[in-house]
Amino acid sequence: MRPPALFFLFFACALLVAPRPAAAERLPDTVVPVRYTLWFAPDLETATFRGRETIDVRLRGPARTITLHAAEIAFGEVVVTAGDRTQAARVSLDATAETATLTLAQEVPAGPAAIQIAYTGILNDKLRGFYLSRANGRRYAVSQMEATDARRAFPSFDEPGLKATFDISLMVDAADTAISNGVLLSDTPGPDDGRHTLRFAPTPKMSTYLVALVVGDFVCRTGAAGATPIRVCSTADKLPLTAFALEAAEQQVAFFNDYFGIPYAFGKLDLIAVPDFAAGAMENSGAITFRERLLLIDPDRASLDSRKRVAGIISHEIAHQWFGDLVTMQWWDDIWLNEGFATWMATKPLARWRPEWRIDLDEAADTQGALGIDALRTTRPIRMRVDTPAQINEVFDGIAYQKTAGVLRMIEAFVGPDRFRKGIASYLRKYAYSNATGEDFWSEMTRVTGQPVDRILKGSVQQAGAPVVSVQTACTGPQTATTLEQRRFAGRTNEAPARSDEIWAIPVCFAGGRGAPRCDLLDTRRDTVRAPGSSTAAGSSTAPGASCGPVFANADSRGYYFTGYAPDAVRALARGGAALTPAERISLLGDEWWMVRAGRHDIGVYLDAAAALATDGTAAVVDPIASRLAFTAEYIVPPPSRARYQEWIRRRFGPVLAALGLPGAPADDDERHSRRADLLTLVGAAGNDPGVQRRARELAAAYITDPASLAGTLAPAVLRLAALGGDAALYEQYLAQMRTPGADPEQYYRFFNALPSFQDPALVARTLAFSISPDVRTQDTAQLIAGLLGHGGSREAAWRFVQAQWPTLVRQLGTFQGIPGIVGALGGFCSEQAAADVRQFFMRNPVPSSERALRQAIERIDACAALAVRQAPALTAWLATAP
C-alpha cells in the first residue's frame, strides 16, 4: 500500500482506524481457511450489499465453536457442514473485538468442513472495507481491505498469515461492470432483473486484505507485458489520461519478471483509478486501486514531480505483487517486509526506464527523510509488537517505508547488487504463496550472500533510532587514519540519548574518487581505518604529518546513518562540492542540518555550506537548501534580523534565479525548470523579493488564461507564490479553475494545493470552511487543513478551526483517513505554549490510533522551540559577517 501524499509531508500514518482497546485481538489457531467462495450484490442506491459465502476450512481439532472476524455485518442463515452432517450455527457477535463466534449443537470433528453464511452489509462513507464512492453524478462501490477491513465486506479469518484462495462473483446493474482479483470467466444475465453476474477466476493463495471489489461504469485501456494482460481503468471521462500509466506498468512488469526470475503470479493485472480513496494506492493481487491523481496524468502537461510520483507509485504497487502478495509477512509487526521492500524495489525499473530522472537522488532524499524521523525520541524500531487494529495501522509510517528501504540500499551496496539480487530471488522462491518473518528473510540472505546480513539488519530492525558516525581524519606518515565512532543520534538541542549502549553493525563506505568505494563494517563503538596515501578535500594537498583533508564517509549516500564532521571539514567538503556526487552533496547538507538541529554545530556552518552550493546545477540539491532556508526564515531568524536575512537570500540566490530566467525557454529541460521552481519559492517567499512576487502574479494570470504558458514543473510554484499575497479576486480565479468541466486531476490539484497559500484572514477562513464542505472530497480535507497549518500566517486560525470543528472532522473523516494528517501537521508550531495547548486538547479528545503521530508532533514543537533559543543568537552573529 502506498499512503497518500500527506503522509510524505508529515510522516503521519496512512491508514488509521477508530479507537480500540489495547488487548490482543488474534483469532484462535484452531481453524485454518482453505478457500473462500464469495458472492456480492451491491445496491448503489441504498448503499447496502447482500453477500453469500462458503469458507472451506480445516479444523486442527474437534470443536463446537468457530470464531472469525466480522464488522458491520448482519448475519442471516449460517450452517456448517462436515462429512455428511450439516447443522445450523448460532452467531454471537463481539463488536469490540470485531468477531463472530459460531456455536454448534454438536461437535465438528477435526479435518475439513465448510461454513456457509448469508449476510448483508453497508457500503459505508468512510473509505474502508466495501464502501461508496461518488463522481460524475453517480455512485460507485469500491473496496479497501488493508489492514483489517476485509471483515466489513465478508466474515473472514482476517489475518495475513491465514492465506486461502478466493472464488469471487458479483451481481451488478446491467449498465455497470465489476473488477476483482481474477480474470473474468463469465458474464451472465440475472438472476435479478436488470442485473448481470460476473464470475472471476479463483485466485492463488493470498491474504484477505488483498481482496479487490470495484463496481461502476469503468472503462479500460489495454496492453500487455509478455503473457500478462494489463489494463488501466478509469471513469469514462478520464480514459485519455491512462496511456502514461499503461506504458509504465508494461515496462515495470517486464523488469520485475527479469529481475526476480519469477514470473508475475496473478494471471492479469488491472490498475484502477477510483474517485474516492483514502490511501494513495493499494496492491490488491491482480487489481491495484489508486487515487485518480496518482494514476491519471497527461505527460505532456504534467510536472516532473507528478510523472515521477505516478510512475513510482505504480512501480511500488507492482513490486508488491512479489513483496506482500506472493510472499506475505506472517503478522503485521513485520509490515516492513512488504512496504519497505516495495519502496526499495520501486526505483529500479524507473532508473532504467527514465535515467534522466536521476532516481538515485530521490533515494538519497528519502533516506534523509527517514533519518529525520529517527532523530526523534518518539521514533520506533522497524519491527515492534502490534496487536490491535489501531496499533497495526499506526505502523504504516516512514519507518516501515523509507527507513527500511534505506537500510536495504545500504546492505545492497555493501554485499554487491548481484549477490543481493540472488538472495532476494531465493527468499521469494522459498516462501512463495506463503508467509515469512524478518528472521526468515535475513537468514536466507545471509546464507545466499555469505555476508553478515543478519547482523546488519538486526540492529536496524530491533533498535529504535539511527547512529551518528563521527569522522576524524589524520595523516600518519604515508597513511590516512580515519577514526570512526558511533552513538545513537539525539536530534534535539542539548538532548542526551535515552540509552547509550546501542551498537549497530554499520557498513561505512568512503567515497573513492574514480575507484569503487571502500567499505568497512563498523560494529564496535570506535574503530580506526587506515588507508594508503593522504586524504584530500576538493583537490587540496597535505604534507606528511599534517592535518589531513576530510574524508567523505557515506559514498553515494547509500549508508543509513548520520555522519558528523568537524565544522571546518563541512565547509571544505561543501567548497569542493564538485568532488562529491549529487547524492553525496544531499547527504552532506542533510547531516549537517541535523548537527545544527541537535545543537552540535552553530547554524552558520550550515549556511556556509548552503552558500557554497548556491549555484549547484542539480535541482535535488537545491530543493532541500531552499526548504531549510525557508524553515530558518520562519522559525529561527529573530525579528530584528529578518530584513538582513532576507537580503542575504536575495543577494546570494537571486542572481542564480535571474540567470535561469522566468519563465524560461520552451526548450529548457525538467532539471532546469525544477531548479527555477525551487529558487522562485526561496527568493520570492523566504527572501521576500517584491520583484519576484510581482513576476509570479503576472505568470499566474497568464497561466490561468493559457495553461500552455508555463512548464508543468514550474506552474505549481508560481501559483503558490502568487497566492501568498493574493486577493479575493485571484482566489475566485483559482476556484473557477478547479470547477472547469473536464479538468484533469493534475490541473485541479495545482489550484487546490495553492489555496492554503492565500494568507489574507478572510481567505483563510474561506479555505477552512471550504475544506469541510460538500465541494471537497473527504480524502482531501486534511490536505487543505494541513496546508494552512503549514503557513505561519494561517496556523493559529487553522488550529482554532480544528478545535472548534473537531466533532465534525471526526464524523466526516473518521480517524481512518484524514485525522492523522491533521495531527501530524500540528508539528508546525514552534513554542512551548503551543505544545502545551496541543497536549491539553488531545487529553480531552484522545485519538488512540494517532498516538504516535501526536507524540511526534509535540516533540517536533518542543524541538523547534529549543532550536530557536539555541540558534537565533548564532544566526544573528553569522549575519553580521556574512558575505
# chains A, B, ... in the order shown; residues from 1 in each chain; ligands from 1

call {"tool": "residues_around", "arguments": {"residues": "Glu356 (chain A)", "least_positions_apart": "4", "cutoff": "12 Å", "atoms": "only C-alpha atoms", "output": "count of residues only"}}
result
11

call {"tool": "closest_residue", "arguments": {"among": "A:Gln116, A:Thr767, A:Asn181, A:Ser709", "to": "Ser794 (chain A)", "atoms": "only C-alpha atoms"}}
result
A:Thr767

call {"tool": "select_by_dssp", "arguments": {"residues": "region 287-490 of chain A", "states": "alpha helix (DSSP H)", "output": "MDAnalysis selection string"}}
result
chainID A and resid 304:320 336:353 359:374 389:393 404:415 417:430 438:449 453:462

call {"tool": "residues_around", "arguments": {"residues": "Asp706 (chain A)", "least_positions_apart": "6", "cutoff": "12 Å", "atoms": "only C-alpha atoms", "output": "ChimeraX atom specification"}}
result
/A:699-700,715,737

call {"tool": "residues_around", "arguments": {"residues": "Lys403 (chain A)", "least_positions_apart": "3", "cutoff": "12 Å", "atoms": "only C-alpha atoms", "output": "ChimeraX atom specification"}}
result
/A:11,336-337,339-341,343-344,363-375,379-383,396-400,406-410,457,460-461,464-466,558-561

call {"tool": "residues_around", "arguments": {"residues": "Leu213 (chain A)", "least_positions_apart": "4", "cutoff": "10 Å", "atoms": "only C-alpha atoms", "output": "list in words"}}
result
Phe40, Gly129, Phe130, Tyr131, Ala141, Val142, Ser143, Gln144, Met145, Ala153, Ile168, Ser169, Leu170, Ala178, Ile179, Ser180, Asn181, Asn284, Ala287 and Thr289 of chain A

call {"tool": "residues_around", "arguments": {"residues": "region 315-319 of chain A", "least_positions_apart": "3", "cutoff": "7 Å", "atoms": "only C-alpha atoms", "output": "PyMOL selection string"}}
result
chain A and resi 1+252+282-283+311-312+322-323+342-343+345-346

call {"tool": "write_last_selection", "arguments": {"atoms": "all heavy atoms", "output": "compact mmCIF listing (two decimals), in the first residue's frame"}}
result
# COMPACT_ATOMS: atom_id res chain seq x y z
N MET A 1 0.84 -1.19 0.00
CA MET A 1 0.00 0.00 0.00
C MET A 1 0.88 1.24 0.00
O MET A 1 1.90 1.28 0.65
CB MET A 1 -0.89 0.00 1.24
CG MET A 1 -1.79 1.21 1.39
SD MET A 1 -2.85 1.05 2.82
CE MET A 1 -1.65 0.91 4.12
N GLN A 252 7.42 -2.04 -16.20
CA GLN A 252 7.75 -2.50 -14.85
C GLN A 252 7.50 -3.99 -14.66
O GLN A 252 8.32 -4.68 -14.04
CB GLN A 252 6.95 -1.67 -13.84
CG GLN A 252 7.42 -0.22 -13.76
CD GLN A 252 6.41 0.71 -13.14
OE1 GLN A 252 5.42 0.27 -12.56
NE2 GLN A 252 6.64 2.01 -13.26
N MET A 282 -3.32 0.80 -3.50
CA MET A 282 -3.42 -0.47 -2.76
C MET A 282 -3.14 -1.63 -3.69
O MET A 282 -3.73 -1.76 -4.76
CB MET A 282 -4.81 -0.60 -2.13
CG MET A 282 -5.02 -1.90 -1.39
SD MET A 282 -3.88 -2.06 0.02
CE MET A 282 -3.67 -3.84 0.06
N GLU A 283 -2.24 -2.51 -3.22
CA GLU A 283 -1.66 -3.56 -4.06
C GLU A 283 -2.50 -4.82 -4.15
O GLU A 283 -1.96 -5.95 -4.28
CB GLU A 283 -0.28 -3.94 -3.51
CG GLU A 283 -0.26 -4.63 -2.15
CD GLU A 283 -0.14 -3.69 -0.97
OE1 GLU A 283 -0.39 -2.48 -1.15
OE2 GLU A 283 0.20 -4.16 0.13
N ALA A 311 4.61 7.25 -11.80
CA ALA A 311 5.39 6.07 -12.19
C ALA A 311 5.92 5.34 -10.96
O ALA A 311 5.95 4.10 -10.92
CB ALA A 311 6.54 6.48 -13.10
N GLY A 312 6.34 6.10 -9.95
CA GLY A 312 6.89 5.49 -8.74
C GLY A 312 5.85 4.74 -7.94
O GLY A 312 6.13 3.66 -7.40
N TRP A 322 5.04 -9.20 -5.76
CA TRP A 322 6.02 -10.17 -5.26
C TRP A 322 6.23 -9.99 -3.75
O TRP A 322 6.10 -10.96 -3.01
CB TRP A 322 7.36 -9.98 -5.99
CG TRP A 322 7.38 -10.49 -7.40
CD1 TRP A 322 7.84 -11.71 -7.81
CD2 TRP A 322 6.94 -9.82 -8.59
NE1 TRP A 322 7.72 -11.84 -9.17
CE2 TRP A 322 7.17 -10.69 -9.68
CE3 TRP A 322 6.37 -8.57 -8.84
CZ2 TRP A 322 6.84 -10.35 -10.99
CZ3 TRP A 322 6.05 -8.23 -10.14
CH2 TRP A 322 6.28 -9.11 -11.20
N PHE A 323 6.52 -8.77 -3.32
CA PHE A 323 6.75 -8.50 -1.89
C PHE A 323 5.44 -8.08 -1.24
O PHE A 323 5.03 -6.93 -1.31
CB PHE A 323 7.76 -7.36 -1.71
CG PHE A 323 9.15 -7.70 -2.10
CD1 PHE A 323 9.73 -7.12 -3.20
CD2 PHE A 323 9.90 -8.60 -1.36
CE1 PHE A 323 11.03 -7.42 -3.57
CE2 PHE A 323 11.19 -8.92 -1.72
CZ PHE A 323 11.76 -8.33 -2.83
N ALA A 342 8.93 -2.96 -1.11
CA ALA A 342 8.33 -2.36 -2.29
C ALA A 342 8.89 -0.96 -2.53
O ALA A 342 9.10 -0.55 -3.68
CB ALA A 342 6.81 -2.30 -2.14
N THR A 343 9.16 -0.22 -1.46
CA THR A 343 9.76 1.11 -1.60
C THR A 343 11.16 1.01 -2.17
O THR A 343 11.55 1.78 -3.06
CB THR A 343 9.78 1.83 -0.24
OG1 THR A 343 8.45 1.89 0.29
CG2 THR A 343 10.34 3.23 -0.35
N MET A 345 12.40 -1.46 -3.96
CA MET A 345 12.40 -2.06 -5.30
C MET A 345 11.81 -1.12 -6.35
O MET A 345 12.18 -1.18 -7.54
CB MET A 345 11.59 -3.36 -5.27
CG MET A 345 11.78 -4.25 -6.48
SD MET A 345 13.46 -4.91 -6.58
CE MET A 345 13.62 -5.12 -8.36
N ALA A 346 10.92 -0.22 -5.93
CA ALA A 346 10.16 0.59 -6.89
C ALA A 346 11.04 1.46 -7.77
O ALA A 346 10.68 1.76 -8.91
CB ALA A 346 9.15 1.46 -6.15

call {"tool": "residues_around", "arguments": {"residues": "region 94-97 of chain A", "least_positions_apart": "2", "cutoff": "9 Å", "atoms": "only C-alpha atoms", "output": "NGL selection string"}}
result
:A and (20-21 or 25 or 69-72 or 92 or 99-101 or 388)

call {"tool": "write_last_selection", "arguments": {"atoms": "N, CA, C and O atoms", "output": "PDB file, in the first residue's frame"}}
result
ATOM      1  N   ARG A  20      -9.547   1.554  19.615  1.00  0.00           N
ATOM      2  CA  ARG A  20      -9.809   0.188  20.029  1.00  0.00           C
ATOM      3  C   ARG A  20      -9.121  -0.073  21.360  1.00  0.00           C
ATOM      4  O   ARG A  20      -8.173   0.624  21.721  1.00  0.00           O
ATOM      5  N   PRO A  21      -9.553  -1.083  22.105  1.00  0.00           N
ATOM      6  CA  PRO A  21      -8.857  -1.429  23.340  1.00  0.00           C
ATOM      7  C   PRO A  21      -7.480  -1.972  23.040  1.00  0.00           C
ATOM      8  O   PRO A  21      -7.201  -2.419  21.931  1.00  0.00           O
ATOM      9  N   GLU A  25      -5.944  -9.063  19.793  1.00  0.00           N
ATOM     10  CA  GLU A  25      -7.168  -9.424  19.083  1.00  0.00           C
ATOM     11  C   GLU A  25      -6.875 -10.463  18.005  1.00  0.00           C
ATOM     12  O   GLU A  25      -7.365 -10.373  16.893  1.00  0.00           O
ATOM     13  N   HIS A  69     -13.654 -13.160  11.993  1.00  0.00           N
ATOM     14  CA  HIS A  69     -13.855 -11.716  12.079  1.00  0.00           C
ATOM     15  C   HIS A  69     -15.105 -11.294  11.320  1.00  0.00           C
ATOM     16  O   HIS A  69     -15.415 -11.834  10.245  1.00  0.00           O
ATOM     17  N   ALA A  70     -15.801 -10.280  11.860  1.00  0.00           N
ATOM     18  CA  ALA A  70     -16.926  -9.652  11.180  1.00  0.00           C
ATOM     19  C   ALA A  70     -17.168  -8.296  11.823  1.00  0.00           C
ATOM     20  O   ALA A  70     -17.094  -8.158  13.047  1.00  0.00           O
ATOM     21  N   ALA A  71     -17.443  -7.296  10.993  1.00  0.00           N
ATOM     22  CA  ALA A  71     -17.744  -5.959  11.496  1.00  0.00           C
ATOM     23  C   ALA A  71     -18.779  -5.321  10.574  1.00  0.00           C
ATOM     24  O   ALA A  71     -18.657  -5.407   9.349  1.00  0.00           O
ATOM     25  N   GLU A  72     -19.791  -4.710  11.155  1.00  0.00           N
ATOM     26  CA  GLU A  72     -20.862  -4.041  10.410  1.00  0.00           C
ATOM     27  C   GLU A  72     -21.548  -5.017   9.458  1.00  0.00           C
ATOM     28  O   GLU A  72     -21.973  -4.643   8.362  1.00  0.00           O
ATOM     29  N   SER A  92     -22.816 -15.339  17.754  1.00  0.00           N
ATOM     30  CA  SER A  92     -22.633 -14.368  18.842  1.00  0.00           C
ATOM     31  C   SER A  92     -21.609 -13.341  18.369  1.00  0.00           C
ATOM     32  O   SER A  92     -20.499 -13.704  17.967  1.00  0.00           O
ATOM     33  N   THR A  99     -15.506  -9.648  16.039  1.00  0.00           N
ATOM     34  CA  THR A  99     -15.525 -11.084  15.776  1.00  0.00           C
ATOM     35  C   THR A  99     -16.948 -11.608  15.855  1.00  0.00           C
ATOM     36  O   THR A  99     -17.842 -10.996  16.435  1.00  0.00           O
ATOM     37  N   ALA A 100     -17.138 -12.750  15.235  1.00  0.00           N
ATOM     38  CA  ALA A 100     -18.385 -13.511  15.325  1.00  0.00           C
ATOM     39  C   ALA A 100     -18.020 -14.932  15.722  1.00  0.00           C
ATOM     40  O   ALA A 100     -17.129 -15.537  15.110  1.00  0.00           O
ATOM     41  N   THR A 101     -18.677 -15.450  16.720  1.00  0.00           N
ATOM     42  CA  THR A 101     -18.442 -16.826  17.163  1.00  0.00           C
ATOM     43  C   THR A 101     -19.638 -17.673  16.767  1.00  0.00           C
ATOM     44  O   THR A 101     -20.787 -17.354  17.104  1.00  0.00           O
ATOM     45  N   THR A 388      -3.667  -4.752  18.163  1.00  0.00           N
ATOM     46  CA  THR A 388      -4.990  -4.259  17.812  1.00  0.00           C
ATOM     47  C   THR A 388      -4.980  -3.610  16.436  1.00  0.00           C
ATOM     48  O   THR A 388      -3.923  -3.213  15.924  1.00  0.00           O
TER      49      THR A 388
END
